[in-house]
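Novice: Structure supplied as query.cif; contents: mmCIF, C-alpha atoms.
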```
data_structure
#
loop_
_atom_site.label_atom_id
_atom_site.label_comp_id
_atom_site.auth_asym_id
_atom_site.auth_seq_id
_atom_site.Cartn_x
_atom_site.Cartn_y
_atom_site.Cartn_z
CA MET A 1 0.00 0.00 0.00
CA LYS A 2 1.39 3.39 -0.99
CA ILE A 3 2.44 5.50 2.00
CA PRO A 4 0.64 8.90 1.98
CA LYS A 5 2.79 11.97 1.55
CA VAL A 6 2.74 14.22 4.64
CA ILE A 7 2.67 17.97 4.03
CA THR A 8 2.16 21.09 6.11
CA ALA A 9 -0.69 23.38 5.09
CA VAL A 10 -2.80 26.25 6.41
CA ALA A 11 -6.59 25.93 6.58
CA GLU A 12 -8.40 28.62 4.56
CA LYS A 13 -12.09 27.99 5.21
CA ILE A 14 -14.76 25.42 5.99
CA VAL A 15 -16.84 24.46 2.96
CA PHE A 16 -19.94 22.35 2.45
CA PRO A 17 -20.24 19.47 3.32
CA GLY A 18 -18.25 20.38 6.43
CA ARG A 19 -14.80 19.96 4.91
CA THR A 20 -11.78 22.19 5.45
CA LEU A 21 -10.11 23.74 2.40
CA ALA A 22 -6.36 24.25 2.51
CA ARG A 23 -3.76 24.76 -0.25
CA CYS A 24 -0.71 22.74 -1.16
CA SER A 25 2.53 24.57 -1.93
CA ASP A 26 1.69 24.40 -5.67
CA GLY A 27 -1.69 26.05 -5.06
CA VAL A 28 -3.80 22.91 -5.59
CA ALA A 29 -6.84 22.68 -3.30
CA LEU A 30 -6.48 20.22 -0.42
CA PHE A 31 -9.61 19.03 1.37
CA THR A 32 -9.51 17.59 4.85
CA GLU A 33 -11.70 17.65 7.98
CA GLY A 34 -11.59 19.08 11.46
CA LEU A 35 -9.52 22.23 10.95
CA ILE A 36 -10.44 25.84 11.70
CA PRO A 37 -9.44 28.62 9.27
CA GLY A 38 -5.95 29.89 10.11
CA GLU A 39 -4.74 26.66 11.69
CA THR A 40 -1.54 25.06 10.42
CA ALA A 41 -1.51 21.27 10.37
CA GLU A 42 0.39 18.22 9.17
CA ILE A 43 -1.82 16.41 6.65
CA ALA A 44 -1.35 12.95 5.12
CA VAL A 45 -2.43 13.22 1.47
CA TYR A 46 -4.16 10.00 0.38
CA LYS A 47 -5.78 11.22 -2.87
CA ASN A 48 -3.89 13.19 -5.48
CA LYS A 49 -5.85 14.42 -8.49
CA LYS A 50 -4.97 17.07 -11.06
CA THR A 51 -7.40 19.66 -9.68
CA PHE A 52 -7.65 18.72 -5.99
CA ARG A 53 -6.23 16.54 -3.21
CA GLU A 54 -7.65 14.94 -0.09
CA GLY A 55 -5.96 14.11 3.18
CA ASP A 56 -6.27 13.33 6.88
CA VAL A 57 -5.05 15.62 9.64
CA ILE A 58 -2.17 14.04 11.57
CA LYS A 59 -1.36 16.92 13.88
CA VAL A 60 -2.56 20.49 14.42
CA ILE A 61 0.63 22.52 14.73
CA SER A 62 -0.93 25.89 15.62
CA PRO A 63 -4.43 25.48 17.10
CA SER A 64 -6.90 28.34 16.74
CA ASP A 65 -8.12 30.10 19.86
CA LYS A 66 -11.61 29.23 18.58
CA ARG A 67 -11.01 25.48 18.95
CA VAL A 68 -13.03 23.90 21.76
CA ALA A 69 -12.77 20.49 23.41
CA PRO A 70 -15.45 18.09 22.06
CA VAL A 71 -18.00 17.08 24.70
CA CYS A 72 -18.02 13.48 23.46
CA LYS A 73 -15.02 11.19 23.82
CA ALA A 74 -16.12 9.34 20.66
CA PHE A 75 -15.86 12.48 18.52
CA GLY A 76 -13.68 11.88 15.49
CA VAL A 77 -14.31 8.14 15.68
CA CYS A 78 -18.12 8.04 15.59
CA GLY A 79 -19.63 9.18 12.31
CA GLY A 80 -22.53 11.04 13.93
CA CYS A 81 -21.00 14.47 14.61
CA SER A 82 -18.54 16.58 12.62
CA PHE A 83 -18.48 20.04 14.26
CA GLN A 84 -17.90 19.46 17.98
CA TYR A 85 -14.49 21.14 17.77
CA LEU A 86 -16.35 24.45 17.23
CA SER A 87 -18.50 26.40 19.68
CA TYR A 88 -22.15 26.42 18.68
CA GLN A 89 -21.97 30.09 17.67
CA ASP A 90 -19.00 29.32 15.42
CA GLN A 91 -20.89 26.38 13.90
CA LEU A 92 -23.68 28.77 12.93
CA TYR A 93 -21.12 31.25 11.58
CA HIS A 94 -19.51 28.70 9.26
CA LYS A 95 -22.84 27.25 8.13
CA HIS A 96 -23.96 30.74 7.17
CA LEU A 97 -20.69 31.28 5.30
CA TYR A 98 -20.90 28.17 3.15
CA VAL A 99 -24.61 28.60 2.39
CA SER A 100 -23.78 32.17 1.34
CA GLU A 101 -20.89 30.98 -0.83
CA LEU A 102 -22.99 28.32 -2.56
CA LEU A 103 -25.66 30.96 -3.27
CA ASN A 104 -23.28 33.77 -4.20
CA PHE A 105 -24.94 34.10 -7.62
CA LEU A 106 -28.00 35.67 -5.96
CA PRO A 107 -28.34 39.48 -5.83
CA LEU A 108 -29.15 39.33 -2.11
CA SER A 109 -27.60 38.34 1.19
CA VAL A 110 -28.45 35.12 2.99
CA GLU A 111 -30.23 35.99 6.22
CA SER A 112 -28.80 35.00 9.59
CA VAL A 113 -29.25 31.39 10.69
CA ILE A 114 -32.13 30.55 13.02
CA PRO A 115 -30.38 28.57 15.79
CA SER A 116 -31.62 25.24 17.05
CA VAL A 117 -33.58 25.51 20.30
CA GLU A 118 -31.11 23.04 21.79
CA SER A 119 -27.57 22.42 20.56
CA LEU A 120 -27.24 19.08 22.41
CA TYR A 121 -29.66 16.21 23.14
CA TYR A 122 -31.99 17.39 20.38
CA ARG A 123 -32.55 14.28 18.22
CA ASN A 124 -35.96 12.64 18.59
CA LYS A 125 -34.97 9.56 16.55
CA MET A 126 -31.84 7.41 16.52
CA GLU A 127 -31.02 4.11 14.82
CA PHE A 128 -28.37 1.97 16.49
CA SER A 129 -26.71 -1.26 15.38
CA PHE A 130 -25.85 -4.27 17.51
CA PHE A 131 -22.30 -5.49 16.98
CA THR A 132 -19.75 -7.90 18.43
CA THR A 133 -16.81 -6.40 20.29
CA HIS A 134 -13.21 -7.62 20.03
CA ASP A 135 -13.69 -9.72 23.17
CA GLY A 136 -16.76 -11.42 21.73
CA LYS A 137 -19.44 -9.51 23.65
CA ILE A 138 -22.54 -7.91 22.15
CA ASP A 139 -22.75 -4.12 22.18
CA LEU A 140 -24.84 -1.32 20.69
CA GLY A 141 -23.58 1.68 18.77
CA LEU A 142 -23.34 3.93 15.74
CA HIS A 143 -21.26 3.49 12.61
CA ARG A 144 -17.68 4.62 12.91
CA LYS A 145 -16.65 7.43 10.62
CA GLY A 146 -16.22 6.17 7.07
CA SER A 147 -16.86 2.53 8.02
CA PHE A 148 -19.66 0.13 7.14
CA TYR A 149 -18.58 -2.71 9.44
CA ARG A 150 -17.15 -0.97 12.51
CA TYR A 151 -19.05 0.80 15.29
CA SER A 152 -18.64 3.23 18.14
CA SER A 153 -20.35 2.15 21.36
CA VAL A 154 -23.27 4.19 22.74
CA PRO A 155 -23.41 5.77 25.28
CA PRO A 156 -21.87 8.29 25.17
CA CYS A 157 -23.90 10.32 22.68
CA TYR A 158 -24.67 13.99 23.17
CA ILE A 159 -27.13 14.62 20.34
CA LEU A 160 -29.76 11.99 21.15
CA ASP A 161 -32.65 12.71 23.53
CA LYS A 162 -31.55 12.10 27.13
CA ASP A 163 -34.52 9.79 27.75
CA PHE A 164 -32.97 7.30 25.32
CA LEU A 165 -30.02 6.61 27.63
CA PRO A 166 -31.78 4.52 30.34
CA VAL A 167 -33.58 2.56 27.60
CA ILE A 168 -30.26 1.77 25.91
CA ASP A 169 -28.75 0.63 29.23
CA ILE A 170 -31.68 -1.72 29.95
CA ILE A 171 -31.62 -3.26 26.46
CA LYS A 172 -27.83 -3.73 26.40
CA GLN A 173 -27.95 -5.47 29.78
CA PHE A 174 -30.81 -7.71 28.64
CA VAL A 175 -29.17 -8.92 25.41
CA CYS A 176 -25.89 -9.54 27.24
CA ASP A 177 -27.61 -11.54 29.99
CA LYS A 178 -29.50 -13.59 27.39
CA GLY A 179 -26.36 -14.28 25.41
CA PHE A 180 -27.95 -13.12 22.16
CA SER A 181 -25.68 -12.78 19.14
CA ALA A 182 -25.22 -9.66 17.04
CA TYR A 183 -26.09 -9.80 13.34
CA ASN A 184 -23.03 -10.00 11.10
CA LYS A 185 -23.42 -8.06 7.85
CA LYS A 186 -20.81 -10.20 6.10
CA THR A 187 -22.12 -13.66 7.03
CA HIS A 188 -25.76 -12.56 7.57
CA LEU A 189 -25.83 -14.67 10.72
CA GLY A 190 -26.76 -13.52 14.20
CA PHE A 191 -29.96 -12.39 15.88
CA MET A 192 -29.90 -8.77 17.12
CA ARG A 193 -29.76 -6.22 14.27
CA HIS A 194 -30.91 -2.70 15.20
CA LEU A 195 -32.56 -0.62 17.86
CA VAL A 196 -34.69 2.34 16.77
CA LEU A 197 -35.76 4.85 19.42
CA ARG A 198 -38.25 7.67 18.80
CA LYS A 199 -39.47 10.40 21.13
CA ALA A 200 -42.40 12.78 20.88
CA GLN A 201 -40.34 15.43 22.65
CA ASN A 202 -43.09 18.01 23.10
CA ASN A 203 -45.56 15.36 24.27
CA ASN A 204 -43.21 13.16 26.32
CA GLU A 205 -43.96 9.83 24.62
CA LEU A 206 -41.30 7.27 23.69
CA MET A 207 -41.26 4.39 21.19
CA VAL A 208 -38.86 1.43 21.14
CA ASN A 209 -38.43 -0.75 18.05
CA ILE A 210 -36.21 -3.83 18.53
CA VAL A 211 -35.05 -5.14 15.14
CA THR A 212 -33.80 -8.73 14.82
CA ASN A 213 -33.02 -11.24 12.14
CA ALA A 214 -36.12 -13.18 11.10
CA VAL A 215 -37.05 -16.12 13.28
CA THR A 216 -37.13 -19.38 11.32
CA GLU A 217 -40.64 -20.74 10.77
CA GLY A 218 -41.47 -23.30 13.45
CA GLN A 219 -38.72 -22.04 15.76
CA ASP A 220 -39.97 -21.64 19.33
CA THR A 221 -39.77 -17.94 20.15
CA GLY A 222 -41.61 -18.28 23.45
CA ASP A 223 -41.83 -14.81 24.95
CA ILE A 224 -38.19 -13.97 24.41
CA PHE A 225 -38.64 -10.25 25.00
CA LYS A 226 -41.22 -10.49 27.79
CA PRO A 227 -38.77 -9.70 30.64
CA LEU A 228 -37.36 -6.80 28.62
CA VAL A 229 -40.83 -5.41 27.95
CA GLU A 230 -41.62 -5.52 31.67
CA SER A 231 -38.47 -3.50 32.39
CA LEU A 232 -39.22 -0.95 29.67
CA LYS A 233 -42.96 -0.47 30.29
CA PRO A 234 -42.55 2.38 32.83
CA LEU A 235 -40.47 4.34 30.30
CA CYS A 236 -42.26 3.70 27.00
CA THR A 237 -45.55 4.39 25.26
CA SER A 238 -44.93 1.80 22.50
CA ILE A 239 -42.63 -1.21 22.21
CA TYR A 240 -42.25 -3.05 18.89
CA TRP A 241 -40.39 -6.11 17.63
CA THR A 242 -39.43 -6.00 13.96
CA GLN A 243 -38.16 -9.14 12.20
CA ASN A 244 -36.04 -8.44 9.12
CA SER A 245 -34.65 -11.16 6.86
CA LYS A 246 -33.26 -8.77 4.22
CA LYS A 247 -29.50 -8.52 3.72
CA SER A 248 -29.66 -4.74 3.40
CA ASP A 249 -28.49 -2.78 6.43
CA ALA A 250 -31.65 -0.65 6.27
CA VAL A 251 -34.35 -1.12 8.92
CA ILE A 252 -36.96 -3.05 6.93
CA SER A 253 -39.89 -5.03 8.29
CA ASP A 254 -40.89 -8.56 7.34
CA THR A 255 -42.97 -8.87 10.49
CA LEU A 256 -43.88 -6.05 12.86
CA THR A 257 -45.22 -7.03 16.29
CA LEU A 258 -46.54 -4.63 18.92
CA LEU A 259 -45.26 -5.93 22.24
CA HIS A 260 -46.66 -3.18 24.46
CA GLY A 261 -48.74 -0.02 24.41
CA ARG A 262 -50.15 2.02 21.55
CA GLU A 263 -49.41 1.52 17.87
CA TYR A 264 -48.03 5.07 17.68
CA ILE A 265 -46.75 8.01 19.66
CA THR A 266 -48.22 11.48 19.23
CA GLU A 267 -46.05 14.56 18.78
CA LYS A 268 -47.28 18.10 19.38
CA LEU A 269 -46.07 21.11 17.40
CA MET A 270 -46.90 24.72 18.18
CA VAL A 271 -46.87 27.00 15.11
CA ASN A 272 -48.26 30.53 15.04
CA ASN A 273 -49.69 29.99 18.55
CA LYS A 274 -51.75 27.00 17.41
CA GLU A 275 -51.24 23.38 18.49
CA TYR A 276 -51.04 20.55 15.97
CA PHE A 277 -50.81 16.84 16.74
CA PHE A 278 -49.15 14.16 14.61
CA LYS A 279 -49.17 10.40 14.99
CA VAL A 280 -45.71 8.87 14.58
CA SER A 281 -45.62 5.14 13.80
CA PRO A 282 -42.46 2.97 13.58
CA PHE A 283 -41.74 3.81 9.95
CA SER A 284 -43.23 7.31 9.72
CA PHE A 285 -41.07 10.20 8.54
CA PHE A 286 -40.88 13.05 11.03
CA GLN A 287 -38.31 15.83 11.41
CA THR A 288 -35.62 14.74 13.88
CA ASN A 289 -35.53 17.99 15.88
CA SER A 290 -39.05 18.58 17.22
CA LYS A 291 -38.52 21.91 18.94
CA THR A 292 -36.72 23.53 16.02
CA THR A 293 -39.21 22.05 13.53
CA GLN A 294 -41.69 24.51 15.02
CA LEU A 295 -39.35 27.36 14.05
CA LEU A 296 -38.86 25.93 10.55
CA TYR A 297 -42.60 25.67 9.94
CA GLN A 298 -43.14 29.14 11.36
CA GLU A 299 -40.61 30.41 8.82
CA VAL A 300 -42.53 28.67 5.99
CA LEU A 301 -45.75 30.29 7.18
CA ASN A 302 -44.08 33.69 7.47
CA ALA A 303 -42.59 33.34 3.99
CA LEU A 304 -45.98 32.63 2.43
CA ASN A 305 -47.55 35.59 4.26
CA LEU A 306 -50.99 34.10 3.64
CA ASN A 307 -53.86 36.57 3.83
CA ASN A 308 -56.18 35.06 1.24
CA LYS A 309 -58.72 32.50 2.46
CA GLU A 310 -59.46 31.67 -1.19
CA ALA A 311 -55.88 30.62 -1.95
CA VAL A 312 -54.93 27.11 -3.08
CA VAL A 313 -51.54 25.77 -1.96
CA MET A 314 -49.71 22.76 -3.38
CA ASP A 315 -47.54 20.80 -0.93
CA LEU A 316 -44.99 18.68 -2.84
CA TYR A 317 -42.96 15.90 -1.20
CA ALA A 318 -45.53 16.17 1.56
CA GLY A 319 -44.41 13.23 3.70
CA THR A 320 -46.88 12.71 6.52
CA GLY A 321 -48.65 15.99 5.78
CA THR A 322 -47.15 18.19 8.49
CA ILE A 323 -46.60 21.35 6.40
CA GLY A 324 -49.93 21.11 4.56
CA ILE A 325 -51.86 20.55 7.78
CA MET A 326 -50.13 23.52 9.39
CA LEU A 327 -51.03 25.75 6.40
CA SER A 328 -54.62 24.51 6.07
CA ASN A 329 -56.09 27.05 8.49
CA TYR A 330 -55.03 29.95 6.30
CA VAL A 331 -56.17 28.85 2.83
CA LYS A 332 -59.09 27.44 0.89
CA LYS A 333 -57.43 24.17 -0.11
CA ILE A 334 -54.18 22.19 0.12
CA ILE A 335 -53.14 19.76 -2.62
CA SER A 336 -50.71 17.26 -1.06
CA VAL A 337 -48.49 14.98 -3.17
CA GLU A 338 -46.28 12.24 -1.72
CA HIS A 339 -45.04 9.05 -3.41
CA LEU A 340 -44.92 6.73 -0.35
CA PRO A 341 -48.38 5.17 0.18
CA HIS A 342 -47.85 4.55 3.91
CA ALA A 343 -46.81 8.20 4.37
CA VAL A 344 -50.01 9.31 2.61
CA GLU A 345 -52.05 7.10 4.94
CA ASP A 346 -50.27 8.68 7.92
CA ALA A 347 -51.00 12.12 6.44
CA ARG A 348 -54.72 11.33 6.17
CA THR A 349 -54.70 10.14 9.78
CA ASN A 350 -52.93 13.33 10.88
CA ALA A 351 -55.41 15.52 9.00
CA ALA A 352 -58.31 13.79 10.75
CA LEU A 353 -56.52 14.11 14.11
CA ASN A 354 -56.32 17.89 13.62
CA GLY A 355 -59.83 18.26 12.22
CA VAL A 356 -58.52 19.35 8.81
CA GLU A 357 -60.86 18.70 5.88
CA ASN A 358 -59.55 21.00 3.14
CA ILE A 359 -56.64 18.77 2.00
CA GLU A 360 -56.60 16.49 -1.02
CA PHE A 361 -53.99 13.71 -0.74
CA TYR A 362 -52.37 12.03 -3.74
CA ALA A 363 -50.03 9.01 -3.59
CA ASP A 364 -47.79 9.49 -6.60
CA THR A 365 -44.32 10.71 -7.51
CA VAL A 366 -44.16 14.48 -7.81
CA GLU A 367 -42.87 14.25 -11.38
CA LYS A 368 -45.68 11.95 -12.58
CA TRP A 369 -48.41 13.82 -10.75
CA LEU A 370 -47.40 17.20 -12.15
CA LEU A 371 -47.17 15.79 -15.68
CA ASN A 372 -50.59 14.13 -15.51
CA ASN A 373 -52.64 16.77 -13.70
CA SER A 374 -53.65 20.30 -14.58
CA VAL A 375 -54.70 22.43 -11.60
CA SER A 376 -55.02 26.06 -10.69
CA ILE A 377 -52.91 26.98 -7.67
CA ASP A 378 -51.67 30.14 -5.98
CA TYR A 379 -48.64 28.95 -4.01
CA ILE A 380 -46.32 25.95 -3.96
CA VAL A 381 -44.25 24.54 -1.10
CA ILE A 382 -41.59 21.98 -2.03
CA ASP A 383 -39.57 20.04 0.54
CA PRO A 384 -37.59 17.53 -1.56
CA PRO A 385 -34.99 14.95 -0.47
CA ARG A 386 -31.28 15.78 -0.47
CA SER A 387 -31.08 15.13 -4.21
CA GLY A 388 -33.31 18.14 -4.86
CA VAL A 389 -35.74 18.34 -7.79
CA THR A 390 -35.46 17.37 -11.46
CA PRO A 391 -35.56 19.71 -14.48
CA LYS A 392 -38.95 18.19 -15.45
CA ILE A 393 -40.40 19.06 -12.05
CA ILE A 394 -39.06 22.61 -12.23
CA ASP A 395 -40.55 23.01 -15.70
CA SER A 396 -43.93 21.69 -14.49
CA ILE A 397 -43.92 24.03 -11.50
CA ILE A 398 -43.17 27.05 -13.70
CA LYS A 399 -46.06 26.13 -16.00
CA LEU A 400 -48.43 26.23 -13.02
CA ASN A 401 -47.49 29.90 -12.63
CA PRO A 402 -47.72 30.16 -8.82
CA LYS A 403 -47.45 33.60 -7.22
CA LYS A 404 -44.81 32.30 -4.83
CA ILE A 405 -42.67 29.17 -4.41
CA ILE A 406 -41.28 28.18 -1.02
CA TYR A 407 -38.36 25.79 -1.40
CA VAL A 408 -37.42 24.01 1.85
CA SER A 409 -34.02 22.36 1.38
CA CYS A 410 -31.86 20.06 3.50
CA ASN A 411 -28.96 20.33 1.03
CA PRO A 412 -27.65 23.80 0.09
CA SER A 413 -25.65 22.48 -2.87
CA THR A 414 -28.69 21.03 -4.67
CA LEU A 415 -30.69 24.08 -3.59
CA ALA A 416 -28.14 26.27 -5.40
CA ARG A 417 -28.38 24.13 -8.53
CA ASP A 418 -32.19 24.20 -8.54
CA LEU A 419 -32.50 27.93 -7.85
CA GLN A 420 -30.19 28.66 -10.77
CA MET A 421 -32.39 26.50 -12.97
CA PHE A 422 -35.57 28.27 -11.83
CA MET A 423 -34.00 31.65 -12.54
CA GLY A 424 -32.48 30.57 -15.85
CA ILE A 425 -35.68 29.39 -17.53
CA SER A 426 -38.32 31.64 -15.96
CA ARG A 427 -39.08 35.05 -14.55
CA TYR A 428 -38.98 33.78 -10.98
CA ALA A 429 -36.54 35.58 -8.72
CA VAL A 430 -35.27 34.59 -5.27
CA LYS A 431 -36.53 37.11 -2.74
CA SER A 432 -35.08 35.69 0.48
CA VAL A 433 -33.01 32.82 1.87
CA LYS A 434 -33.23 31.84 5.54
CA PRO A 435 -31.14 28.97 7.00
CA VAL A 436 -32.54 27.05 9.98
CA ASP A 437 -30.16 24.89 12.00
CA MET A 438 -31.96 21.58 12.55
CA PHE A 439 -28.73 19.60 13.03
CA PRO A 440 -26.29 21.08 15.59
CA GLN A 441 -22.83 19.49 15.89
CA THR A 442 -23.05 18.39 12.22
CA TYR A 443 -22.48 20.18 8.90
CA HIS A 444 -26.12 19.78 7.83
CA ILE A 445 -28.35 22.84 7.52
CA GLU A 446 -31.97 23.41 6.48
CA THR A 447 -32.76 26.41 4.26
CA VAL A 448 -36.00 28.16 3.32
CA ALA A 449 -35.84 30.01 -0.02
CA VAL A 450 -38.66 32.20 -1.34
CA LEU A 451 -39.19 32.69 -5.09
CA GLU A 452 -41.66 35.17 -6.57
CA PHE A 453 -42.73 35.89 -10.14
CA ASN A 454 -41.08 39.05 -11.45
#
```
Before we go any further, please render this structure as structure tokens.

Specialist:
Amino acid sequence: MKIPKVITAVAEKIVFPGRTLARCSDGVALFTEGLIPGETAEIAVYKNKKTFREGDVIKVISPSDKRVAPVCKAFGVCGGCSFQYLSYQDQLYHKHLYVSELLNFLPLSVESVIPSVESLYYRNKMEFSFFTTHDGKIDLGLHRKGSFYRYSSVPPCYILDKDFLPVIDIIKQFVCDKGFSAYNKKTHLGFMRHLVLRKAQNNNELMVNIVTNAVTEGQDTGDIFKPLVESLKPLCTSIYWTQNSKKSDAVISDTLTLLHGREYITEKLMVNNKEYFFKVSPFSFFQTNSKTTQLLYQEVLNALNLNNKEAVVMDLYAGTGTIGIMLSNYVKKIISVEHLPHAVEDARTNAALNGVENIEFYADTVEKWLLNNSVSIDYIVIDPPRSGVTPKIIDSIIKLNPKKIIYVSCNPSTLARDLQMFMGISRYAVKSVKPVDMFPQTYHIETVAVLEFN
């Protein structure tokens, strides 16, 4: 194996997605991680291309006075966090900088970042993997940075909800006492696969989903989790057992069994001084930062500035209907489009839970639905996945001629690409861009962009 060349370089800036840009002596860009602008470091260069290089920091020679000690001892090993070497205010500063740089083609300034309500212990959902330690014991953790087969034990973890910690301790003790085996992703043998924890943080309800390899037909399962359920009952609203025979590392259900409690937990969001309730089932999508989600949705509402009870709003990539339901009080009708059938069913349930009757739900891909339907609308809200939207979708949206488009993005690089496309083929102009920090301690950032017809 070729030994990496070690060089000394000075960090220039932090760029999306959370990488540090430095320069080699010949001026070629060098990307690494974990440095603060102005710091000098020894870097082992492992990738050498004509236009850029990549490397790992070996040693920080001159640390910045802005460098802080990470709160978590697993930082740098665990793949969950990337920014714990910065204070939270500096995290917001650098996120604002790289969103601004990605959108520097706009004739306006990116507004200041709305901070997360909490910078630690904010995640309402976490997926953990069971794994076998070097001494043959079973443990529970998160993927190590850059690794598919290695894990970092949990606890500690400083971004998950604190109520998850006693649940994790009880489950780890139980599987160790029982002598259960951890699933091996190479051999596909072993019993315990994942643990998924969800919390309705504003409503204090907790869901546990224990994911195992599928039990062979005819195998005596007895009540293998009965003692565990008894231990968890005082802490949990819902306890599930998911059996998964698929080789994929994703949490997929062959058989889903409710072991205790309700089939769902209910989260409460307060937007514009009004309460909304949403049922969250084991495989529902819901924003992972409940308290800051309220600020994000308030920003969407503010951006629309709805004052027309006759308006029709289209909600694209609607998920479980949260944005459409929140907007329904201010308009005549919501048209909601989401391609996952189970998410649409959850959305219908959530609409009924909130007494909302002016929403039409459609289970279809956004691209197909827009191509096959002709409607008259006033406003459009789009909240696509990280990949953004396609040229066909942008073209279909433009043809609908909405007064305003609200683009909610979880990826500023694809947001930049899509905004340029909107502006290049239409008379829509970007009027404002507001980042919202839903993911403290990581490089991720949510952004709300407003486009209006010029």

Novice: Give me, please, the distance in Å between CA of Val45 in chain A and CA of Arg144 in chain A, quoted to one decimal.

Specialist: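 That distance, rounded to one decimal, is 20.9 Å.
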
Novice: I would like the residues chosen by the PyMOL selection byres ((chain A and resi 202-209) around 8) on the shown file; could you give them as number ranges by chain?

Specialist: A: 195-201, 210-211, 235-242, 264-269, 282, 290-291

Novice: Which residue is closest to Val450 in chain A? Choose from A:Arg19, A:Lys66, A:Lys434, A:His339 and count all atoms listed in the file.

Specialist: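 With all atoms listed in the file as the atom set, the closest residue is A:Lys434.
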
Novice: So that I can see what lies close to range 296-308 of chain A, please list as a PyMOL selection string the residues with an atom at most 10 Å from it, counting only C-alpha atoms and leaving out residues fewer than 3 positions away in the same chain.

Specialist: chain A and resi 114+116+269-273+290-293+311-313+322-323+326-327+329-332+378-381+403-408+431-438+446-451

Novice: In terms of the shortest atom-to-atom distance over all atoms listed in the file, which of A:Ala250, A:Ile36, A:Val356, A:Leu400 is closest to Thr212 in chain A?

Specialist: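 Of the candidates, the smallest distance to Thr212 in chain A is held by A:Ala250.
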
Novice: Quick one: apply the PyMOL selection byres ((chain A and resi 286) around 10) to the file and drop the selected residues here as an MDAnalysis selection string.

Specialist: chainID A and resid 124:125 198 200 267 278:281 283:285 287:290 293 319:322

Novice: Looking at only C-alpha atoms, which of A:Tyr443, A:Phe225, A:Phe105, A:Tyr122 is the one that sits closest to Leu419 in chain A?

Specialist: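 For Leu419 in chain A, the nearest of the candidates is A:Phe105.
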
Novice: Just the number, please: distance in Å from CA of Ile359 in chain A to CA of Arg427 in chain A, one decimal.

Specialist: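 A separation of 29.1 Å between them.
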
Novice: To one decimal place, how far is CA of Val6 in chain A from CA of Ala44 in chain A in Å?

Specialist: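 Separation of CA of Val6 in chain A and CA of Ala44 in chain A: 4.3 Å.
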
Novice: I need every residue sitting at most 8 Å from the point (-6.8, 22.3, 9.0) (coordinates as in the file, only C-alpha atoms considered), written as a PyMOL selection string.

Specialist: chain A and resi 9-12+20-22+32-41+57+60

Novice: Identify all residues satisfying the PyMOL selection byres ((chain A and resi 52-54) around 6) in the given file; provide them as a list in words.

Specialist: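 Taken on the displayed file, the PyMOL selection byres ((chain A and resi 52-54) around 6) yields the residues Val28, Ala29, Leu30, Phe31, Thr32, Val45, Lys47, Asn48, Lys49, Lys50, Thr51 and Gly55 of chain A.
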